[in-house]
>>> print(open('run25.cif').read())   # mmCIF, C-alpha atoms
data_query
loop_
_atom_site.label_atom_id
_atom_site.label_comp_id
_atom_site.auth_asym_id
_atom_site.auth_seq_id
_atom_site.Cartn_x
_atom_site.Cartn_y
_atom_site.Cartn_z
CA MET M 37 0.00 0.00 0.00
CA ASP M 38 1.34 3.44 -0.99
CA ASN M 39 1.12 5.77 2.01
CA ARG M 40 2.59 8.81 0.26
CA ARG M 41 0.42 11.86 0.84
CA TYR M 42 0.59 13.39 -2.63
CA ASP M 43 0.38 12.22 -6.21
CA LEU M 44 2.67 14.95 -7.51
CA VAL M 45 4.83 17.80 -6.28
CA LEU M 46 6.07 20.70 -8.43
CA ARG M 47 9.30 21.60 -6.68
CA GLY M 48 11.26 24.82 -6.46
CA GLY M 49 9.54 27.12 -8.96
CA ARG M 50 8.61 30.77 -8.54
CA VAL M 51 4.95 30.52 -7.57
CA ILE M 52 2.88 33.61 -8.36
CA CYS M 53 -0.72 33.38 -7.18
CA PRO M 54 -2.30 36.84 -6.95
CA ALA M 55 -5.48 35.52 -5.34
CA SER M 56 -3.44 34.03 -2.48
CA GLY M 57 -0.90 36.83 -2.24
CA ILE M 58 1.95 34.40 -2.95
CA ASP M 59 5.04 35.37 -4.93
CA GLY M 60 8.12 33.35 -4.09
CA ILE M 61 9.86 30.00 -4.31
CA ARG M 62 7.35 27.35 -3.27
CA ASP M 63 6.46 23.71 -3.75
CA VAL M 64 2.98 22.82 -4.97
CA ALA M 65 1.44 19.44 -4.13
CA VAL M 66 -1.42 17.72 -5.96
CA ARG M 67 -3.66 14.92 -4.77
CA ASP M 68 -6.68 13.44 -6.56
CA GLY M 69 -6.66 16.17 -9.18
CA ARG M 70 -6.76 19.01 -6.66
CA ILE M 71 -4.30 21.37 -5.02
CA ALA M 72 -3.32 19.71 -1.74
CA ALA M 73 -0.62 22.05 -0.42
CA VAL M 74 1.49 25.08 -1.27
CA ALA M 75 4.50 25.42 0.98
CA GLU M 76 8.12 26.56 1.08
CA THR M 77 9.24 22.94 1.34
CA ILE M 78 7.40 19.67 0.77
CA LEU M 79 9.45 16.55 1.36
CA PRO M 80 10.00 14.64 -1.91
CA SER M 81 9.33 11.41 -0.05
CA ALA M 82 5.76 12.57 0.49
CA ALA M 83 4.93 12.38 -3.24
CA ALA M 84 4.66 9.61 -5.80
CA GLU M 85 6.21 11.95 -8.38
CA VAL M 86 8.34 15.07 -8.05
CA ILE M 87 8.90 17.47 -10.95
CA ASP M 88 11.76 19.94 -10.65
CA VAL M 89 10.56 23.34 -11.91
CA ALA M 90 13.39 25.44 -10.52
CA GLY M 91 13.93 28.56 -12.62
CA LYS M 92 10.40 28.41 -14.02
CA LEU M 93 7.22 30.31 -13.23
CA VAL M 94 4.41 28.35 -11.61
CA LEU M 95 1.05 30.07 -12.04
CA PRO M 96 -2.59 29.19 -11.46
CA GLY M 97 -3.89 27.54 -14.62
CA MET M 98 -3.99 30.32 -17.19
CA ILE M 99 -7.34 31.45 -18.58
CA ASP M 100 -7.60 32.70 -22.16
CA THR M 101 -10.54 35.09 -22.19
CA HIS M 102 -10.72 35.37 -25.98
CA ALA M 103 -10.57 32.14 -27.97
CA HIS M 104 -12.24 30.84 -31.12
CA VAL M 105 -12.47 27.08 -30.78
CA TYR M 106 -15.74 26.00 -32.39
CA GLN M 107 -13.68 23.81 -34.69
CA TYR M 108 -15.17 22.82 -38.08
CA VAL M 109 -18.55 24.45 -37.39
CA THR M 110 -16.98 27.89 -37.82
CA GLY M 111 -14.99 26.89 -40.90
CA ARG M 112 -11.37 28.04 -40.99
CA PHE M 113 -12.10 30.39 -38.08
CA GLY M 114 -12.34 27.85 -35.25
CA LEU M 115 -9.15 26.26 -33.93
CA ASN M 116 -8.77 23.00 -32.06
CA PRO M 117 -9.51 23.83 -28.40
CA ASP M 118 -6.63 21.79 -27.00
CA MET M 119 -4.13 23.41 -29.39
CA VAL M 120 -5.16 26.78 -27.95
CA GLY M 121 -5.62 25.29 -24.48
CA VAL M 122 -3.65 22.65 -22.63
CA ARG M 123 -1.14 22.09 -25.44
CA SER M 124 -0.31 25.82 -25.18
CA GLY M 125 -0.05 25.78 -21.38
CA VAL M 126 -3.58 27.18 -20.93
CA THR M 127 -6.07 25.28 -18.80
CA THR M 128 -9.29 27.25 -19.54
CA VAL M 129 -10.37 28.90 -22.78
CA VAL M 130 -13.40 31.10 -23.35
CA ASP M 131 -14.85 31.00 -26.85
CA GLN M 132 -16.00 34.50 -27.73
CA GLY M 133 -19.18 34.34 -29.77
CA GLY M 134 -18.65 31.07 -31.63
CA PRO M 135 -21.82 29.32 -30.44
CA SER M 136 -25.26 30.91 -30.59
CA CYS M 137 -28.54 29.83 -29.09
CA MET M 138 -29.01 27.62 -32.18
CA THR M 139 -25.59 25.97 -32.10
CA LEU M 140 -24.78 25.81 -28.38
CA PRO M 141 -25.89 22.16 -27.97
CA GLY M 142 -23.34 21.15 -30.61
CA PHE M 143 -20.68 23.27 -28.93
CA ARG M 144 -21.34 21.52 -25.65
CA HIS M 145 -21.34 17.99 -27.10
CA PHE M 146 -18.54 18.21 -29.66
CA ILE M 147 -16.24 20.83 -28.12
CA ALA M 148 -16.67 21.38 -24.38
CA GLU M 149 -17.36 17.78 -23.40
CA ARG M 150 -14.64 16.28 -25.60
CA SER M 151 -11.78 18.64 -24.84
CA GLN M 152 -9.05 18.10 -22.27
CA THR M 153 -9.08 21.88 -21.80
CA GLN M 154 -11.88 23.44 -19.77
CA VAL M 155 -13.92 25.21 -22.46
CA LEU M 156 -16.47 27.92 -21.67
CA ALA M 157 -18.33 30.37 -23.90
CA PHE M 158 -19.63 33.89 -24.23
CA LEU M 159 -22.77 33.22 -26.23
CA SER M 160 -23.21 35.15 -29.46
CA ALA M 161 -25.97 37.74 -29.40
CA TYR M 162 -26.63 36.74 -33.02
CA LEU M 163 -28.37 33.59 -34.22
CA VAL M 164 -25.54 32.97 -36.68
CA GLY M 165 -22.83 32.96 -34.01
CA GLY M 166 -19.29 32.96 -35.31
CA LEU M 167 -19.91 31.01 -38.49
CA GLU M 168 -16.94 31.47 -40.82
CA GLY M 169 -15.49 34.22 -38.72
CA HIS M 170 -18.13 36.89 -39.35
CA PHE M 171 -17.35 36.69 -43.06
CA TYR M 172 -20.91 37.61 -44.06
CA PRO M 173 -21.91 40.89 -42.38
CA ASN M 174 -25.54 40.90 -43.47
CA LEU M 175 -26.20 37.91 -41.21
CA TYR M 176 -25.54 40.12 -38.18
CA SER M 177 -28.47 42.52 -38.60
CA PRO M 178 -31.17 43.10 -35.99
CA ASP M 179 -33.30 40.56 -37.86
CA GLY M 180 -30.63 37.99 -36.98
CA VAL M 181 -31.07 38.48 -33.23
CA ASP M 182 -33.67 36.65 -31.13
CA ILE M 183 -33.54 38.14 -27.66
CA ASP M 184 -35.88 35.66 -25.97
CA ALA M 185 -34.22 32.57 -27.47
CA THR M 186 -30.73 33.77 -26.59
CA VAL M 187 -31.69 34.62 -23.00
CA LYS M 188 -33.28 31.19 -22.63
CA SER M 189 -30.20 29.45 -24.03
CA ALA M 190 -27.86 31.38 -21.73
CA THR M 191 -29.87 30.92 -18.54
CA GLU M 192 -30.42 27.20 -19.09
CA ASN M 193 -26.71 26.59 -19.74
CA ARG M 194 -25.08 28.64 -17.01
CA ASP M 195 -22.40 26.03 -16.39
CA LEU M 196 -21.06 26.66 -19.89
CA VAL M 197 -22.25 30.17 -20.83
CA ARG M 198 -20.47 32.83 -18.80
CA GLY M 199 -21.36 35.92 -20.83
CA ILE M 200 -22.73 37.43 -24.06
CA LYS M 201 -20.71 38.62 -27.09
CA GLY M 202 -21.61 41.63 -29.23
CA HIS M 203 -19.91 43.93 -31.76
CA ALA M 204 -19.77 47.73 -31.80
CA GLU M 205 -18.03 48.70 -35.01
CA ILE M 206 -18.52 51.00 -37.98
CA GLY M 207 -19.34 48.32 -40.54
CA GLY M 208 -22.38 47.22 -38.55
CA PHE M 209 -23.35 50.72 -37.43
CA ALA M 210 -23.31 51.94 -41.06
CA ARG M 211 -25.83 49.20 -41.87
CA TRP M 212 -28.12 49.18 -38.82
CA GLY M 213 -27.06 51.89 -36.39
CA ILE M 214 -26.88 51.05 -32.69
CA LYS M 215 -29.89 48.71 -32.69
CA VAL M 216 -27.95 45.45 -32.53
CA MET M 217 -25.91 46.66 -29.58
CA GLU M 218 -29.08 47.70 -27.76
CA MET M 219 -30.42 44.19 -28.29
CA ALA M 220 -27.18 42.59 -27.08
CA ALA M 221 -27.26 44.75 -23.95
CA GLU M 222 -30.84 43.67 -23.26
CA ILE M 223 -29.83 40.01 -23.59
CA SER M 224 -27.01 40.46 -21.08
CA ARG M 225 -29.23 42.30 -18.61
CA ARG M 226 -32.03 39.75 -18.77
CA ALA M 227 -29.62 36.83 -18.52
CA ASP M 228 -27.64 38.63 -15.78
CA LEU M 229 -24.37 37.94 -17.58
CA PRO M 230 -21.54 40.27 -18.59
CA LEU M 231 -21.51 41.65 -22.13
CA TYR M 232 -18.20 41.46 -24.00
CA VAL M 233 -18.09 44.17 -26.65
CA HIS M 234 -15.81 44.09 -29.69
CA PHE M 235 -14.53 47.54 -30.68
CA GLY M 236 -12.63 48.36 -33.87
CA GLN M 237 -13.83 47.94 -37.44
CA LEU M 238 -14.66 44.35 -38.33
CA TRP M 239 -16.68 44.60 -41.54
CA GLY M 240 -16.16 46.83 -44.53
CA LEU M 241 -18.63 49.63 -45.19
CA PRO M 242 -21.67 48.88 -47.36
CA GLU M 243 -21.84 50.28 -50.88
CA SER M 244 -23.85 53.20 -49.54
CA GLY M 245 -20.93 54.23 -47.31
CA ALA M 246 -21.03 55.20 -43.66
CA ASN M 247 -24.63 56.48 -43.89
CA GLY M 248 -23.95 59.31 -41.47
CA GLU M 249 -22.23 57.13 -38.87
CA ASP M 250 -18.87 58.13 -37.42
CA ALA M 251 -16.41 55.52 -36.12
CA ASP M 252 -15.12 58.03 -33.59
CA THR M 253 -18.49 58.30 -31.81
CA ILE M 254 -19.22 54.58 -31.42
CA VAL M 255 -17.44 54.15 -28.10
CA GLU M 256 -19.22 57.14 -26.55
CA ARG M 257 -22.62 55.89 -27.74
CA VAL M 258 -22.19 52.29 -26.63
CA ILE M 259 -20.68 52.70 -23.17
CA PRO M 260 -23.91 54.17 -21.67
CA LEU M 261 -25.62 50.87 -22.57
CA LEU M 262 -23.22 48.89 -20.41
CA ARG M 263 -23.10 47.90 -16.75
CA PRO M 264 -20.28 47.34 -14.24
CA GLY M 265 -18.58 44.06 -15.08
CA ASP M 266 -19.17 44.38 -18.82
CA VAL M 267 -16.04 44.13 -20.94
CA LEU M 268 -14.56 46.54 -23.49
CA ALA M 269 -12.47 44.49 -25.91
CA HIS M 270 -9.54 45.34 -28.18
CA PRO M 271 -8.27 48.52 -26.48
CA PHE M 272 -5.15 48.43 -28.65
CA THR M 273 -6.85 47.77 -31.98
CA ARG M 274 -5.29 49.21 -35.11
CA HIS M 275 -8.75 49.56 -36.71
CA PRO M 276 -11.00 52.66 -36.66
CA GLY M 277 -13.62 52.87 -33.94
CA GLY M 278 -11.49 51.74 -31.02
CA PHE M 279 -10.30 53.52 -27.89
CA ILE M 280 -8.20 55.99 -29.91
CA ASN M 281 -9.84 58.68 -32.06
CA GLU M 282 -8.61 59.95 -35.41
CA GLN M 283 -6.42 62.51 -33.64
CA GLY M 284 -4.59 59.72 -31.82
CA GLU M 285 -6.11 60.55 -28.43
CA VAL M 286 -7.80 58.15 -26.03
CA HIS M 287 -11.53 58.84 -25.71
CA HIS M 288 -12.09 60.58 -22.36
CA ILE M 289 -15.07 58.35 -21.62
CA ILE M 290 -12.84 55.28 -21.41
CA ARG M 291 -11.27 56.23 -18.08
CA ARG M 292 -14.67 57.17 -16.66
CA ALA M 293 -16.05 53.84 -17.81
CA MET M 294 -13.22 51.96 -16.12
CA GLU M 295 -13.73 53.93 -12.93
CA ALA M 296 -17.44 52.99 -13.10
CA GLY M 297 -16.60 49.28 -13.14
CA LEU M 298 -16.28 48.36 -16.80
CA LYS M 299 -13.36 46.06 -17.57
CA VAL M 300 -10.85 46.10 -20.43
CA ASP M 301 -9.74 42.91 -22.22
CA VAL M 302 -6.77 43.05 -24.59
CA GLY M 303 -8.12 40.59 -27.17
CA HIS M 304 -4.64 40.51 -28.71
CA GLY M 305 -5.00 38.74 -32.06
CA SER M 306 -4.97 40.41 -35.44
CA HIS M 307 -6.15 43.73 -33.99
CA PHE M 308 -3.24 44.41 -31.64
CA SER M 309 -0.99 47.42 -32.30
CA TYR M 310 2.07 48.43 -30.28
CA ARG M 311 1.58 51.97 -31.62
CA VAL M 312 -1.91 52.23 -30.18
CA ALA M 313 -0.91 50.51 -26.95
CA ARG M 314 1.88 53.04 -26.41
CA ALA M 315 -0.64 55.85 -26.76
CA SER M 316 -3.24 54.21 -24.54
CA LEU M 317 -1.22 53.01 -21.57
CA PRO M 318 -0.05 56.49 -20.44
CA ALA M 319 -3.70 57.56 -20.49
CA GLY M 320 -4.47 54.91 -17.91
CA VAL M 321 -5.96 52.23 -20.16
CA ILE M 322 -4.56 49.29 -18.22
CA PRO M 323 -6.06 45.95 -19.26
CA TYR M 324 -7.91 43.88 -16.67
CA THR M 325 -7.80 40.63 -18.62
CA LEU M 326 -5.76 39.32 -21.52
CA GLY M 327 -7.05 37.08 -24.31
CA ALA M 328 -4.93 35.75 -27.17
CA ASP M 329 -7.71 35.94 -29.82
CA MET M 330 -6.18 33.29 -32.04
CA HIS M 331 -8.29 32.02 -34.92
CA GLY M 332 -7.89 30.46 -38.31
CA TYR M 333 -7.40 33.77 -40.12
CA ASN M 334 -4.39 34.78 -38.05
CA THR M 335 -2.89 31.38 -37.32
CA GLU M 336 -1.38 28.96 -39.80
CA VAL M 337 -3.89 26.13 -40.05
CA PRO M 338 -5.16 24.23 -43.09
CA GLN M 339 -8.13 25.77 -44.86
CA PRO M 340 -11.18 23.48 -45.05
CA ALA M 341 -12.30 22.83 -48.62
CA GLY M 342 -15.02 25.19 -49.79
CA THR M 343 -14.35 27.98 -47.31
CA PRO M 344 -13.51 31.53 -48.48
CA ASP M 345 -10.02 31.93 -49.88
CA GLU M 346 -9.32 35.30 -48.32
CA HIS M 347 -10.26 37.36 -45.31
CA HIS M 348 -9.84 41.11 -44.96
CA ASP M 349 -7.17 40.59 -42.29
CA ASP M 350 -5.01 38.48 -44.61
CA GLU M 351 -3.17 41.42 -46.15
CA ASN M 352 -2.12 42.54 -42.66
CA HIS M 353 -1.29 39.11 -41.31
CA PRO M 354 -0.44 39.34 -37.60
CA PHE M 355 3.25 39.14 -36.80
CA LEU M 356 3.81 38.87 -40.56
CA GLY M 357 6.73 36.43 -40.80
CA GLN M 358 5.96 35.26 -37.26
CA ALA M 359 2.28 34.54 -37.75
CA ARG M 360 2.01 32.19 -34.82
CA PHE M 361 1.36 33.62 -31.38
CA SER M 362 -0.14 32.56 -28.09
CA LEU M 363 -1.37 33.71 -24.70
CA THR M 364 2.18 33.66 -23.32
CA GLN M 365 3.34 35.69 -26.32
CA ALA M 366 0.60 38.21 -25.55
CA MET M 367 1.87 38.34 -21.96
CA SER M 368 5.35 39.00 -23.30
CA SER M 369 3.93 41.85 -25.40
CA MET M 370 2.43 43.44 -22.29
CA MET M 371 5.77 43.18 -20.49
CA ALA M 372 7.59 44.66 -23.49
CA LEU M 373 5.26 47.65 -23.16
CA GLY M 374 6.44 48.18 -19.61
CA ILE M 375 3.74 46.37 -17.61
CA PRO M 376 5.47 44.34 -14.87
CA LEU M 377 5.10 40.57 -14.81
CA GLU M 378 3.44 40.87 -11.41
CA ASP M 379 0.66 42.94 -13.03
CA VAL M 380 0.37 40.71 -16.10
CA VAL M 381 -0.15 37.45 -14.18
CA PRO M 382 -3.52 38.55 -12.70
CA MET M 383 -4.71 39.30 -16.28
CA VAL M 384 -4.59 35.57 -17.07
CA THR M 385 -5.46 34.10 -13.65
CA SER M 386 -7.44 35.81 -10.89
CA HIS M 387 -9.01 38.57 -12.99
CA PRO M 388 -10.55 36.32 -15.67
CA ALA M 389 -11.73 33.94 -12.94
CA GLU M 390 -13.59 36.90 -11.44
CA MET M 391 -14.94 37.91 -14.87
CA LEU M 392 -16.30 34.39 -15.29
CA ARG M 393 -17.72 34.42 -11.74
CA MET M 394 -15.63 31.33 -11.04
CA GLY M 395 -13.11 32.72 -8.58
CA ASP M 396 -14.17 30.03 -6.09
CA ARG M 397 -12.96 27.27 -8.42
CA ILE M 398 -10.24 28.43 -10.79
CA GLY M 399 -7.62 31.15 -11.14
CA ALA M 400 -5.82 30.38 -7.85
CA LEU M 401 -3.49 27.83 -6.30
CA LYS M 402 -5.61 27.25 -3.22
CA VAL M 403 -6.06 23.99 -1.35
CA GLY M 404 -9.15 22.21 -2.65
CA TYR M 405 -9.22 23.98 -6.02
CA ALA M 406 -8.80 21.93 -9.18
CA ALA M 407 -5.10 21.33 -9.81
CA ASP M 408 -4.95 23.63 -12.82
CA VAL M 409 -1.36 24.88 -13.02
CA SER M 410 0.62 26.57 -15.79
CA VAL M 411 4.42 26.22 -15.77
CA LEU M 412 6.30 28.74 -17.91
CA HIS M 413 9.83 29.31 -19.11
CA ASP M 414 11.00 32.85 -18.28
CA ASP M 415 13.67 33.50 -20.92
CA ARG M 416 16.05 36.45 -20.71
CA GLY M 417 17.91 37.98 -23.65
CA ARG M 418 16.90 40.00 -26.71
CA PHE M 419 13.82 38.84 -28.59
CA LEU M 420 12.03 40.28 -31.60
CA LEU M 421 8.29 40.83 -31.38
CA ARG M 422 6.16 42.19 -34.24
CA ASP M 423 2.58 43.28 -34.60
CA ASN M 424 0.39 43.29 -37.70
CA GLU M 425 1.53 46.80 -38.60
CA ASP M 426 5.09 45.42 -38.66
CA THR M 427 6.07 47.50 -35.67
CA ARG M 428 9.11 45.77 -34.21
CA VAL M 429 9.78 45.65 -30.50
CA ILE M 430 12.86 44.27 -28.79
CA ALA M 431 11.93 42.45 -25.59
CA ASP M 432 14.45 41.45 -22.94
CA ARG M 433 12.09 38.86 -21.53
CA LEU M 434 10.01 36.18 -23.24
CA LEU M 435 7.51 33.84 -21.62
CA ARG M 436 7.00 30.39 -23.13
CA PRO M 437 4.82 27.55 -21.84
CA ALA M 438 6.63 24.45 -20.57
CA PHE M 439 3.64 22.33 -19.55
CA CYS M 440 0.43 22.55 -17.58
CA LEU M 441 -1.62 20.46 -15.23
CA ARG M 442 -5.33 20.27 -15.91
CA ALA M 443 -7.12 18.75 -12.92
CA GLY M 444 -3.77 17.19 -12.03
CA ARG M 445 -3.07 15.65 -15.43
CA ARG M 446 0.08 16.80 -17.20
CA PHE M 447 0.05 18.16 -20.75
CA GLU M 448 3.20 19.17 -22.59
CA ALA M 449 3.27 22.53 -24.40
CA ASP M 450 3.65 20.95 -27.83
CA SER M 451 0.98 22.82 -29.78
CA PRO M 452 1.99 23.30 -33.44
CA ILE M 453 0.61 26.84 -33.37
CA LEU M 454 2.99 28.04 -30.64
CA PRO M 455 5.48 30.70 -31.82
CA GLN M 456 9.18 30.15 -31.90
CA ALA M 457 11.43 32.62 -30.11
CA ILE M 458 13.17 35.00 -32.54
CA ALA M 459 16.50 36.33 -31.30
CA ALA M 460 17.14 40.03 -31.90
#
>>> encode(input="run25.cif", output="structure tokens")
Amino acid sequence: MDNRRYDLVLRGGRVICPASGIDGIRDVAVRDGRIAAVAETILPSAAAEVIDVAGKLVLPGMIDTHAHVYQYVTGRFGLNPDMVGVRSGVTTVVDQGGPSCMTLPGFRHFIAERSQTQVLAFLSAYLVGGLEGHFYPNLYSPDGVDIDATVKSATENRDLVRGIKGHAEIGGFARWGIKVMEMAAEISRRADLPLYVHFGQLWGLPESGANGEDADTIVERVIPLLRPGDVLAHPFTRHPGGFINEQGEVHHIIRRAMEAGLKVDVGHGSHFSYRVARASLPAGVIPYTLGADMHGYNTEVPQPAGTPDEHHDDENHPFLGQARFSLTQAMSSMMALGIPLEDVVPMVTSHPAEMLRMGDRIGALKVGYAADVSVLHDDRGRFLLRDNEDTRVIADRLLRPAFCLRAGRRFEADSPILPQAIAA
């Protein structure tokens, strides 16, 4: 009979757990898929297996707040959830707007229930969901929204649906004005779930042009619809209609919105711009959460037969020659912009857990919580980072996933979509 107290001990890493106030060299013990102890020293003889993680970062299982993982159903757009998740060192991913009230049962059965990664969703406000990456704008009109059906779907699937996804951008406003956003806000209020709002142009203008709409006024018109806890996405977008106006200034309402309880999510992806970030950060636009926003149009994956050959983001492919990126790469981008590691870690752990209203289960290395743990390499040197505008940044620090534990089970960071470090 094996009398050892623990199944596994991660030994000697730098443990950073904002929710517990821990930042230092610690050992982390796992038993029966749960965190059993976090201590300065745990005797190796007490565990069936000991993994030496000295020199590495040991974090609560990272949470990617902006994923697109409705694989196959959303054409080239949806990535394999475990490639984005556990095989990239991420234990929980949140699909932003892939499933709708019509397609959520399939998302549950084929994606959430079959993935090694914990997969959650912000339900699309639109019946069409994220089919083919929002390639067909006319499907996202007010006629394509069913408020009652979407509220019913969200409230009857609260274990999986943690919020609502909507879009506030000039392509849609030029077609239908603010109506769709008003409907999305009503869905979130009635379902009592946060609303995650995409800012920055997504669709091209219709043939009739902007029809009197102004990209610079969208933020100011939409924010009054929102409530504390709602999420403003893509603060550093390179596209019109974001947090920065045409004069290069941050909209004054953004700071007031943050002070009133609205949250900011980076939503890195093909929208991210170092130029815009450098203008926004001094104005106090500090992200609360950080999502990678990887999808099939900005990540090198095979194109399913019969799907569109091009997408409007293709000509500005993110990272250009370094098209692959990840949540840890997005963390490295934040650090390269001057945000300390200690402020970046909460963006992928305790803060998203709070956003998901799951802070009692995930986002912390606390005894009794699921043993979701991300172990990262913390490389020092000179590394080249690029955005989709081909702005080049030299970083002296680069985070890379080593492996993760999901409910105590180990997964190597072997995802084919992970970026390779580029020396500068």
>>> closest_residue(input="run25.cif", among="M:Phe113, M:Phe272, M:Phe439, M:Tyr324", to="Leu95 in chain M", atoms="all atoms listed in the file")
M:Phe439
>>> atom_distance(input="run25.cif", atom1="CA of Arg314 in chain M", atom2="CA of Gly374 in chain M")
9.5 Å
>>> resolve_selection(input="run25.cif", expression="the PyMOL selection byres ((chain M and resi 201-211) around 8)", output="JSON, numbers by chain")
{"M": [132, 133, 158, 159, 160, 161, 162, 173, 176, 177, 199, 200, 212, 213, 214, 217, 220, 231, 232, 233, 234, 235, 236, 237, 238, 239, 240, 241, 242, 245, 246, 247, 248, 249, 250, 251, 254, 255, 258, 276, 277]}
>>> closest_atom_pairs(input="run25.cif", of="range 175-260 of chain M", to="range 285-294 of chain M", cutoff="9 Å", atoms="all atoms listed in the file", output="tab-separated table")
residue	atom	partner	partner_atom	distance
M:Asp252	CA	M:His287	CA	8.7
M:Val255	CA	M:His287	CA	7.9
M:Glu256	CA	M:Ile289	CA	6.6
M:Ile259	CA	M:Ala293	CA	7.2
M:Pro260	CA	M:Ala293	CA	8.8
>>> resolve_selection(input="run25.cif", expression="the PyMOL selection byres ((chain M and resi 141) around 12)", output="PyMOL selection string")
chain M and resi 106+135-140+142-149+157+159+189-190+192-193+196-197
>>> closest_residue(input="run25.cif", among="M:His304, M:Gly60, M:Glu448, M:Arg40", to="Glu378 in chain M", atoms="only C-alpha atoms")
M:Gly60
>>> residues_around(input="run25.cif", residues="Ala84 in chain M", least_positions_apart="4", cutoff="7 Å", atoms="all atoms listed in the file", output="number ranges by chain")
M: 40, 42-44
>>> atom_distance(input="run25.cif", atom1="CA of Val429 in chain M", atom2="CA of Ser362 in chain M")
16.6 Å
>>> resolve_selection(input="run25.cif", expression="the PyMOL selection byres ((chain M and resi 332) around 7)", output="ChimeraX atom specification")
/M:112-115,331,333-337
>>> atom_distance(input="run25.cif", atom1="CA of Ala296 in chain M", atom2="CA of Pro382 in chain M")
20.1 Å
>>> residues_around(input="run25.cif", residues="Ser309 in chain M", least_positions_apart="6", cutoff="8 Å", atoms="only C-alpha atoms", output="MDAnalysis selection string")
chainID M and resid 272:274 423:425 427
>>> residues_around(input="run25.cif", residues="Met98 in chain M", least_positions_apart="6", cutoff="8 Å", atoms="all atoms listed in the file", output="tab-separated table (two decimals) with C-alpha atoms, in the coordinates of the input")
chain	number	residue	atom	x	y	z
M	125	GLY	CA	-0.05	25.78	-21.38
M	126	VAL	CA	-3.58	27.18	-20.93
M	127	THR	CA	-6.07	25.28	-18.80
M	128	THR	CA	-9.29	27.25	-19.54
M	384	VAL	CA	-4.59	35.57	-17.07
M	385	THR	CA	-5.46	34.10	-13.65
M	399	GLY	CA	-7.62	31.15	-11.14
M	409	VAL	CA	-1.36	24.88	-13.02
M	410	SER	CA	0.62	26.57	-15.79
>>> closest_residue(input="run25.cif", among="M:Ala406, M:Asp450, M:Met367, M:Phe171", to="Leu434 in chain M", atoms="all atoms listed in the file")
M:Met367
>>> closest_residue(input="run25.cif", among="M:Val302, M:Ile458, M:Met383, M:Ile58", to="Ser316 in chain M", atoms="all atoms listed in the file")
M:Val302
>>> residues_near_point(input="run25.cif", point="(9.2, 29.2, -8.4)", cutoff="10 Å", atoms="all atoms listed in the file", output="list in words")
Leu46, Arg47, Gly48, Gly49, Arg50, Val51, Ile52, Asp59, Gly60, Ile61, Arg62, Asp63, Val64, Glu76, Asp88, Val89, Ala90, Gly91, Lys92, Leu93, Val94, Leu95, Val411 and Leu412 of chain M
>>> residues_around(input="run25.cif", residues="Asp329 in chain M", least_positions_apart="5", cutoff="7 Å", atoms="only C-alpha atoms", output="number ranges by chain")
M: 102-104, 303-305
>>> closest_residue(input="run25.cif", among="M:Arg194, M:Arg416, M:Arg436, M:Lys402", to="Ser56 in chain M", atoms="all atoms listed in the file")
M:Lys402
>>> closest_residue(input="run25.cif", among="M:Ile453, M:Val155, M:Val45, M:Ala389", to="Ala73 in chain M", atoms="all atoms listed in the file")
M:Val45
>>> residues_near_point(input="run25.cif", point="(-33.6, 38.1, -25.0)", cutoff="12 Å", atoms="all atoms listed in the file", output="ChimeraX atom specification")
/M:137,159-163,181-191,200,216,218-229
